[in-house]
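start_15.tsv (TSV, C-alpha atoms) appears below.
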chain	number	residue	atom	x	y	z
N	8	LYS	CA	0.00	0.00	0.00
N	9	SER	CA	1.21	3.49	-0.79
N	10	VAL	CA	1.16	6.16	1.85
N	11	GLU	CA	0.21	9.72	0.95
N	12	SER	CA	2.00	12.70	2.48
N	13	VAL	CA	-0.03	14.08	5.32
N	14	ALA	CA	-0.45	17.85	5.50
N	15	PRO	CA	-0.06	19.19	9.02
N	16	GLU	CA	-3.29	20.14	10.78
N	17	ASN	CA	-1.85	23.47	11.88
N	18	PRO	CA	0.78	25.49	10.05
N	19	VAL	CA	4.21	25.26	11.67
N	20	ALA	CA	4.81	28.38	13.76
N	21	THR	CA	8.29	29.68	13.03
N	22	ASP	CA	10.14	32.64	14.51
N	23	LYS	CA	11.89	34.88	12.02
N	24	LYS	CA	15.07	33.18	10.86
N	25	VAL	CA	17.83	35.42	9.52
N	26	ILE	CA	21.43	34.59	8.62
N	27	ARG	CA	23.61	37.61	9.57
N	28	MET	CA	27.14	38.11	8.30
N	29	GLY	CA	29.66	40.91	8.60
N	30	SER	CA	33.03	41.65	7.12
N	31	LEU	CA	35.70	44.13	8.24
N	32	ASP	CA	39.05	45.11	6.75
N	33	LEU	CA	41.10	46.85	9.46
N	34	LYS	CA	44.48	48.54	9.75
N	35	VAL	CA	45.92	48.02	13.23
N	36	LYS	CA	49.11	48.84	15.09
N	37	SER	CA	49.64	45.23	16.24
N	38	ALA	CA	47.86	42.23	14.73
N	39	ASP	CA	48.57	40.16	17.85
N	40	ASP	CA	47.06	42.75	20.19
N	41	ALA	CA	44.06	43.28	17.91
N	42	SER	CA	43.48	39.53	17.70
N	43	VAL	CA	43.46	39.23	21.51
N	44	LYS	CA	41.05	42.18	21.82
N	45	ILE	CA	38.68	40.78	19.16
N	46	SER	CA	38.70	37.38	20.87
N	47	GLN	CA	37.75	39.05	24.17
N	48	ILE	CA	35.01	41.10	22.49
N	49	ALA	CA	33.53	37.91	21.04
N	50	LYS	CA	33.59	36.19	24.46
N	51	ASP	CA	32.08	39.22	26.20
N	52	ASN	CA	29.19	39.08	23.74
N	53	GLY	CA	28.52	35.36	24.22
N	54	GLY	CA	30.49	34.22	21.18
N	55	GLU	CA	33.81	32.66	20.28
N	56	VAL	CA	36.65	32.71	17.79
N	57	PHE	CA	35.77	30.26	15.03
N	58	SER	CA	39.04	30.43	13.09
N	59	SER	CA	42.16	32.54	12.69
N	60	ASN	CA	45.05	32.60	10.26
N	61	PHE	CA	48.04	34.98	10.43
N	62	TYR	CA	51.27	35.34	8.49
N	63	GLN	CA	54.24	37.70	8.44
N	64	SER	CA	55.57	39.37	5.30
N	65	GLY	CA	59.19	40.07	4.45
N	66	LYS	CA	58.78	43.64	5.74
N	67	ASP	CA	57.92	42.28	9.21
N	68	ILE	CA	54.30	43.30	8.77
N	69	LYS	CA	51.84	40.80	10.21
N	70	SER	CA	48.50	40.23	8.48
N	71	GLY	CA	45.73	37.71	8.73
N	72	THR	CA	42.09	36.97	9.34
N	73	ILE	CA	40.05	36.13	12.38
N	74	GLU	CA	36.47	34.87	12.21
N	75	VAL	CA	34.14	35.09	15.18
N	76	LYS	CA	30.65	33.75	15.79
N	77	VAL	CA	28.29	35.54	18.16
N	78	PRO	CA	24.58	35.27	18.95
N	79	VAL	CA	22.47	37.07	16.33
N	80	ASN	CA	21.07	39.51	18.89
N	81	SER	CA	24.65	40.61	19.73
N	82	PHE	CA	25.70	41.12	16.10
N	83	GLU	CA	25.42	44.94	15.86
N	84	LYS	CA	27.08	45.54	19.25
N	85	THR	CA	29.95	43.13	18.51
N	86	PHE	CA	30.48	44.58	15.03
N	87	ALA	CA	30.71	48.13	16.43
N	88	GLU	CA	33.11	47.08	19.21
N	89	ILE	CA	35.45	45.27	16.81
N	90	LYS	CA	35.65	48.40	14.64
N	91	LYS	CA	37.00	50.31	17.64
N	92	VAL	CA	40.03	47.98	17.75
N	93	ALA	CA	41.20	49.47	14.44
N	94	ASN	CA	43.34	52.50	13.81
N	95	LEU	CA	41.65	52.67	10.42
N	96	VAL	CA	38.56	50.90	9.05
N	97	VAL	CA	39.43	50.30	5.40
N	98	ARG	CA	36.20	48.52	4.47
N	99	GLU	CA	33.09	47.21	6.21
N	100	SER	CA	30.02	45.37	5.05
N	101	THR	CA	27.07	43.55	6.60
N	102	SER	CA	24.42	41.36	5.06
N	103	GLY	CA	21.36	39.44	6.11
N	104	GLN	CA	19.41	36.64	4.49
N	105	ASP	CA	15.87	35.90	5.61
N	106	VAL	CA	15.39	32.12	5.51
N	107	THR	CA	12.12	31.99	7.49
N	108	MET	CA	10.12	30.50	4.59
N	109	GLU	CA	12.76	27.86	3.82
N	110	TYR	CA	12.90	26.94	7.51
N	111	ALA	CA	9.10	26.64	7.76
N	112	ASP	CA	9.07	24.49	4.60
N	113	LEU	CA	11.64	22.10	6.13
N	114	GLN	CA	9.52	21.85	9.29
N	115	ILE	CA	6.41	20.98	7.23
N	116	GLN	CA	8.34	18.37	5.21
N	117	LEU	CA	9.63	16.85	8.45
N	118	LYS	CA	6.13	16.70	9.91
N	119	ASN	CA	4.84	14.99	6.74
N	120	LYS	CA	7.65	12.42	6.78
N	121	GLN	CA	7.07	11.67	10.46
N	122	ALA	CA	3.35	11.11	9.73
N	123	GLU	CA	4.34	8.84	6.83
N	124	GLU	CA	6.65	6.91	9.15
N	125	GLU	CA	3.81	6.41	11.65
N	126	SER	CA	1.54	5.15	8.87
N	127	PHE	CA	4.14	2.59	7.78
N	128	ARG	CA	4.58	1.46	11.39
N	129	ALA	CA	0.82	0.90	11.65
N	130	ILE	CA	0.86	-1.12	8.40
N	131	LEU	CA	3.82	-3.13	9.70
N	132	ASP	CA	1.87	-4.02	12.85
N	133	ARG	CA	-0.96	-5.41	10.68
N	134	SER	CA	1.24	-7.20	8.12
N	135	GLY	CA	1.35	-10.97	8.25
N	136	LYS	CA	3.14	-12.06	5.09
N	137	ILE	CA	6.91	-11.98	5.09
N	138	GLU	CA	6.94	-10.21	1.68
N	139	ASP	CA	4.72	-7.44	3.08
N	140	VAL	CA	6.87	-7.10	6.20
N	141	LEU	CA	10.04	-6.79	4.08
N	142	ALA	CA	8.43	-4.26	1.70
N	143	VAL	CA	7.16	-2.08	4.56
N	144	THR	CA	10.49	-2.36	6.39
N	145	ARG	CA	12.25	-1.07	3.25
N	146	GLU	CA	9.84	1.86	3.07
N	147	LEU	CA	10.37	2.58	6.77
N	148	ALA	CA	14.13	2.65	6.24
N	149	ARG	CA	13.72	5.05	3.29
N	150	VAL	CA	11.45	7.40	5.25
N	151	ARG	CA	13.72	7.25	8.31
N	152	GLY	CA	16.66	8.30	6.08
N	153	GLU	CA	14.64	11.22	4.71
N	154	ILE	CA	13.64	12.26	8.25
N	155	GLU	CA	17.27	12.23	9.39
N	156	SER	CA	18.29	14.28	6.35
N	157	LEU	CA	15.60	16.89	7.07
N	158	GLN	CA	16.57	17.00	10.75
N	159	GLY	CA	20.19	17.57	9.70
N	160	GLN	CA	19.17	20.45	7.40
N	161	ILE	CA	17.07	22.02	10.17
N	162	LYS	CA	19.92	21.68	12.67
N	163	PHE	CA	22.34	23.28	10.20
N	164	MET	CA	19.94	26.17	9.54
N	165	ASP	CA	19.49	26.62	13.30
N	166	SER	CA	23.27	26.92	13.70
N	167	GLN	CA	23.41	29.48	10.86
N	168	THR	CA	20.60	31.63	12.25
N	169	ASP	CA	21.37	31.35	15.98
N	170	LYS	CA	24.94	32.60	15.54
N	171	SER	CA	26.12	35.34	13.21
N	172	THR	CA	29.57	35.40	11.60
N	173	ILE	CA	31.96	38.34	11.52
N	174	SER	CA	35.11	37.97	9.40
N	175	VAL	CA	37.90	40.41	10.21
N	176	SER	CA	40.93	41.01	8.02
N	177	LEU	CA	43.81	42.62	9.96
N	178	THR	CA	46.88	44.30	8.53
N	179	GLU	CA	49.56	46.05	10.55
N	180	ASP	CA	50.34	49.59	9.51
N	181	THR	CA	53.41	50.96	11.27
N	182	SER	CA	52.75	54.48	9.92
N	183	ILE	CA	49.54	54.72	11.96
N	184	THR	CA	50.08	56.47	15.26
N	185	PHE	CA	46.60	57.47	16.44
N	186	THR	CA	43.23	55.79	16.68
N	187	ASP	CA	40.33	57.59	15.04
N	188	THR	CA	38.11	54.94	13.48
N	189	TRP	CA	37.66	56.51	10.03
N	190	ARG	CA	40.29	59.28	10.14
N	191	PRO	CA	39.07	61.17	7.05
N	192	TRP	CA	41.35	64.12	7.93
N	193	GLN	CA	44.38	61.83	8.01
N	194	VAL	CA	43.56	60.79	4.44
N	195	VAL	CA	43.41	64.47	3.43
N	196	LYS	CA	46.65	65.20	5.33
N	197	ASP	CA	48.43	62.25	3.68
N	198	THR	CA	47.23	63.43	0.25
N	199	PHE	CA	48.59	66.97	0.85
N	200	ASN	CA	51.84	65.54	2.21
N	201	GLY	CA	52.18	63.43	-0.92
N	202	LEU	CA	51.58	66.44	-3.18
N	203	PHE	CA	54.00	68.53	-1.16
N	204	LYS	CA	56.71	65.88	-1.50
In structure tokens, write the structure found in this file.
Amino acid sequence: KSVESVAPENPVATDKKVIRMGSLDLKVKSADDASVKISQIAKDNGGEVFSSNFYQSGKDIKSGTIEVKVPVNSFEKTFAEIKKVANLVVRESTSGQDVTMEYADLQIQLKNKQAEEESFRAILDRSGKIEDVLAVTRELARVRGEIESLQGQIKFMDSQTDKSTISVSLTEDTSITFTDTWRPWQVVKDTFNGLFK
């Protein structure tokens, strides 16, 4: 017997699910110091350092990247605090992707598959012939695999929407001596100095 997908009696209630990401390109006096500060900022905001990778050039200038994950509701605060570590913010960007509909769709699919599994279990309880038992057991295994796949997708989406990611690129700049975040006047000053020279 074939089993039809069962539509859920009530729509699946889903909170808004948004994937938040941020990216910063910073000039700093010391990459090591900045890395320690960023790590502490992440911890203070309920997050953690996810990965880091640093290297030193021939001119003894250290550069690298550090990626942190923090709870979505701490994203804006963390992003602003990390910017303050810089002597100069070269570039910044943030993005968000609303995946609420996709998440709700996965929940509905999961509910349907679980109902299908229950139907197969009921058929299995009534089956007498060995061929029927084997056929239903195969279908149960297939549905169980689909349920586990959907649960894995939901878990992955939960991890993407519960924590936001901020990727920070750090480069040491030994010519920087003060710490205004944007320093537009320093850019003007450097331009005039260059023309003067």
- So which one's closest to N:Ser166, N:Leu33, N:Ala49, N:Ala142, N:Val79? Using only C-alpha atoms, please.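 Closest to N:Ser166, using only C-alpha atoms: N:Val79.
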- Message: Show me, as a VMD selection string, the residues that have an atom within 6 Å of N:Ile173 when counting all atoms listed in the file, minus same-chain residues fewer than 2 positions from it.
- Response: chain N and resid 28 to 30 74 to 75
- Query: Residues at most 12 Å from N:Ala129, counting all atoms listed in the file, excluding those fewer than 3 positions away in the same chain, as number ranges by chain?
  - Reply: N: 8, 10, 122-126, 132-134, 140, 143-144, 147
- Quick one: pull the distance between atom CA of N:Ser42 and atom CA of N:Gln167, Å, one decimal. 23.5 Å
- Message: Just to confirm, what's the straight-line distance from atom CA of N:Ser58 to atom CA of N:Ser176 in Å (one decimal)?
- Response: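 Taking atom CA of N:Ser58 and atom CA of N:Ser176, their separation equals 11.9 Å.
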- Message: Which residues are near stretch 94-111 of chain N? Cut-off 6 Å, all atoms listed in the file, ignore same chain within fewer than 2 positions. Put them as a list in words.
- Response: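 Here the qualifying residues turn out to be Lys23, Lys24, Val25, Ile26, Arg27, Met28, Gly29, Ser30, Leu31, Asp32, Leu33, Lys34, Val35, Leu113, Gln114, Thr186, Thr188 and Trp189 of chain N.
Of note, atom CA of N:Asp112 and atom CA of N:Glu155 are spaced 15.5 Å apart.
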- Counting all atoms listed in the file, which of N:Lys120, N:Lys84, N:Lys69, N:Lys76 gets nearest to N:Leu157?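 Checking each candidate against N:Leu157, we get N:Lys120 as the closest.
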